[in-house]
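*Asks:* Below are the structure tokens for one structure; questions will follow.
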Amino acid sequence: MHLLVQATIVGILIGGVYALLASGQTMIYGVTRTINFAQAIFAILSAYLTYTLFGALGLDPLLSVLVLVPAMFVVGAAMYMVLIRPLARSSGELALIVLYAIGIGIQGLLDLVYKTNTRLITPSYTDLSWTVAGFQIPAVRFFACLLAVAVLGVLHVIRLRTKLGRALRATAENPVAARLLGVDVERTSALGMGLGVATAGAAGAVFGMIFPFNGNTQYDLLSKLLSIGVLGGMASMPGTIVAAVVLGVIESVVAAEISPDWSAFSFLVVLFCVLSVRPQGLFGQRLRGAL
């Protein structure tokens with residue numbers, strides 16, 4: 001029982017990072033109705049940049065988000081305006097292919113610059129942990145989850161308390177009606193993609209402290225993001241967060257109780273069981289849904 005509880009604690013902490021990454025994916029899908037196949041590689045790119053900032057300048061990975069989040073926001077918004085908007089008008093499928101190609105292209109550049117060696121960001125508190133009621137709380141995972149919760153909180157405030165948030169939700173719900181009500185749908189979609197990619201910048205910075213990574217890590221991470229999106233409901237932010245925590249807990253518990261080799265497969269079993277009952281996911285809607 002002690003091992004089960006310990007694994008659950010670690011899984012919840014990791015789930016917070018997954019939730020941050022997947023929430024950006026959900027926001028992008030909500031406003032553009034395009035699955036961002038490049039979301040995972042942007043997180044890995046952020047991890048590499050964090051690795052460089054830490055190694056070259058000694059900048060703490062938790063502080064590197066102050067640099068990476070604005071930079072990734074600009075990249076995401078520009079990517080929508082230059083690539084996604086023209087392609088989405090003619091062919092949504094072509095936009096998906098281009099996003100996937102961007103992921104491959106960025107991976108190629110990362111492999112060229114950093115080679116294919118596996119990296120891990122190791123700040124001074126890497127091996128630090130606290131004992132609470134007999135259970136170990138790893139400092140790196142705790143700080144990573146805390147950062148994820150903070151960024152998700154800011155994102156929640158933006159969505160529900162700002163003019164931009166109302167525009168984002170209106171665009172996700174019905175872009176035609178939103179346009180008739182005076183919403184600049186194209187600008188809103190660009191800002192939505194910018195915010196979505198910015199979350200990858202924040203999540204990637206802490207992801208690199210938890211998991212070893214290289215360019216190929218994007219494929220495993222992308223499969224998890226897609227699974228989280230499907231399980232939670234593709235346009236549901238609450239569903240995304242719940243599904244991400246479920247993924248983190250299942251991975252951690254199965255790895256601890258059975259074997260790490262079975263952790264990914266066990267989540268697919270849960271995904272299959274849920275979708276057999278609710279094809280739209282835990283919080284998804286059968287019709288076009290809001291954020």
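Ordering of the structure tokens sets the chain letters (A, B, ...); residue numbers start at 1 within each chain; ligands are numbered from 1 in the order shown.
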Report as number ranges by chain: the residues of region 37-202 of chain A with a DSSP assignment of strand (DSSP E or B), based on the backbone of this structure.
*Replies:* A: 119, 129-132, 135-138
*Asks:* Please produce a file of those selected residues containing N, CA and C atoms, as a PDB file, in the first residue's frame.
*Replies:*
```pdb
ATOM      1  N   ARG A 119      19.880  13.917 -23.195  1.00  0.00           N
ATOM      2  CA  ARG A 119      20.257  14.965 -22.256  1.00  0.00           C
ATOM      3  C   ARG A 119      19.296  14.956 -21.058  1.00  0.00           C
ATOM      4  N   SER A 129      14.752  15.807  -1.937  1.00  0.00           N
ATOM      5  CA  SER A 129      13.374  15.360  -1.708  1.00  0.00           C
ATOM      6  C   SER A 129      13.012  15.616  -0.257  1.00  0.00           C
ATOM      7  N   TRP A 130      11.716  15.664   0.009  1.00  0.00           N
ATOM      8  CA  TRP A 130      11.233  15.867   1.366  1.00  0.00           C
ATOM      9  C   TRP A 130      10.403  14.658   1.787  1.00  0.00           C
ATOM     10  N   THR A 131      10.460  14.346   3.058  1.00  0.00           N
ATOM     11  CA  THR A 131       9.654  13.260   3.600  1.00  0.00           C
ATOM     12  C   THR A 131       8.444  13.843   4.327  1.00  0.00           C
ATOM     13  N   VAL A 132       7.257  13.504   3.846  1.00  0.00           N
ATOM     14  CA  VAL A 132       6.008  13.986   4.436  1.00  0.00           C
ATOM     15  C   VAL A 132       5.135  12.783   4.774  1.00  0.00           C
ATOM     16  N   PHE A 135       6.221   9.631   3.182  1.00  0.00           N
ATOM     17  CA  PHE A 135       6.279   9.548   1.724  1.00  0.00           C
ATOM     18  C   PHE A 135       7.273  10.572   1.189  1.00  0.00           C
ATOM     19  N   GLN A 136       7.964  10.193   0.116  1.00  0.00           N
ATOM     20  CA  GLN A 136       8.976  11.042  -0.488  1.00  0.00           C
ATOM     21  C   GLN A 136       8.350  11.973  -1.533  1.00  0.00           C
ATOM     22  N   ILE A 137       8.668  13.260  -1.421  1.00  0.00           N
ATOM     23  CA  ILE A 137       8.219  14.249  -2.402  1.00  0.00           C
ATOM     24  C   ILE A 137       9.453  14.769  -3.132  1.00  0.00           C
ATOM     25  N   PRO A 138       9.705  14.303  -4.362  1.00  0.00           N
ATOM     26  CA  PRO A 138      10.886  14.777  -5.102  1.00  0.00           C
ATOM     27  C   PRO A 138      10.770  16.262  -5.410  1.00  0.00           C
TER      28      PRO A 138
END
```
*Asks:* How close does each residue of region 161-239 of chain A get to region 13-24 of chain A, giving the shortest atom pair and distance in Å to one decimal for every residue with an atom at most 8 Å away, counting only C-alpha atoms, sorted by chain and residue number, as a tab-separated table?
*Replies:*
```
residue	atom	partner	partner_atom	distance
A:Met193	CA	A:Gly24	CA	8.0
A:Leu195	CA	A:Gly24	CA	6.8
A:Gly196	CA	A:Gly24	CA	3.6
A:Val197	CA	A:Gly24	CA	6.3
A:Ala198	CA	A:Gly24	CA	7.6
A:Thr199	CA	A:Gly24	CA	5.6
A:Ala200	CA	A:Leu21	CA	5.4
A:Ala203	CA	A:Leu21	CA	5.8
A:Val206	CA	A:Val17	CA	7.7
A:Phe207	CA	A:Val17	CA	7.1
A:Leu225	CA	A:Ala22	CA	5.5
A:Ile228	CA	A:Ala22	CA	6.9
A:Gly229	CA	A:Ala22	CA	6.9
A:Met237	CA	A:Ser23	CA	6.2
```
*Asks:* I'd like the contact shell of region 155-166 of chain A - 9 Å cut-off, only C-alpha atoms, skipping same-chain residues fewer than 6 positions apart - returned as a PyMOL selection string.
*Replies:* chain A and resi 188+191-192+195+291
*Asks:* Find the spatial neighbours of Ile121 (chain A), counting only C-alpha atoms, within a cut-off of 7 Å - ignore same-chain residues fewer than 5 positions away - and output them as a list in words.
*Replies:*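 So the residues in contact are Tyr51, Gly208 and Met209 of chain A.
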*Asks:* Any chance you can output those residues with N, CA and C atoms as a PDB file, in the first residue's frame?
*Replies:*
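See out13.pdb below for the written result:
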```pdb
ATOM      1  N   TYR A  51      18.241  23.662 -21.393  1.00  0.00           N
ATOM      2  CA  TYR A  51      19.524  22.986 -21.157  1.00  0.00           C
ATOM      3  C   TYR A  51      20.692  23.913 -21.496  1.00  0.00           C
ATOM      4  N   GLY A 208      12.390  18.660 -19.148  1.00  0.00           N
ATOM      5  CA  GLY A 208      13.781  18.257 -19.279  1.00  0.00           C
ATOM      6  C   GLY A 208      14.477  17.987 -17.959  1.00  0.00           C
ATOM      7  N   MET A 209      13.862  18.423 -16.835  1.00  0.00           N
ATOM      8  CA  MET A 209      14.423  18.099 -15.525  1.00  0.00           C
ATOM      9  C   MET A 209      13.922  16.755 -15.011  1.00  0.00           C
TER      10      MET A 209
END
```
*Asks:* Identify, with DSSP run on backbone atoms, the residues in region 95-216 of chain A assigned to alpha helix (DSSP H), and express the list as a ChimeraX atom specification.
*Replies:* /A:95-114,139-161,163-173,175-180,185-210
*Asks:* Identify, on the basis of only C-alpha atoms, every residue whose closest approach to Gly281 (chain A) does not exceed 6 Å; exclude the query and any residue fewer than 4 positions from it along the same chain; express the result as a PyMOL selection string.
*Replies:* chain A and resi 230-233
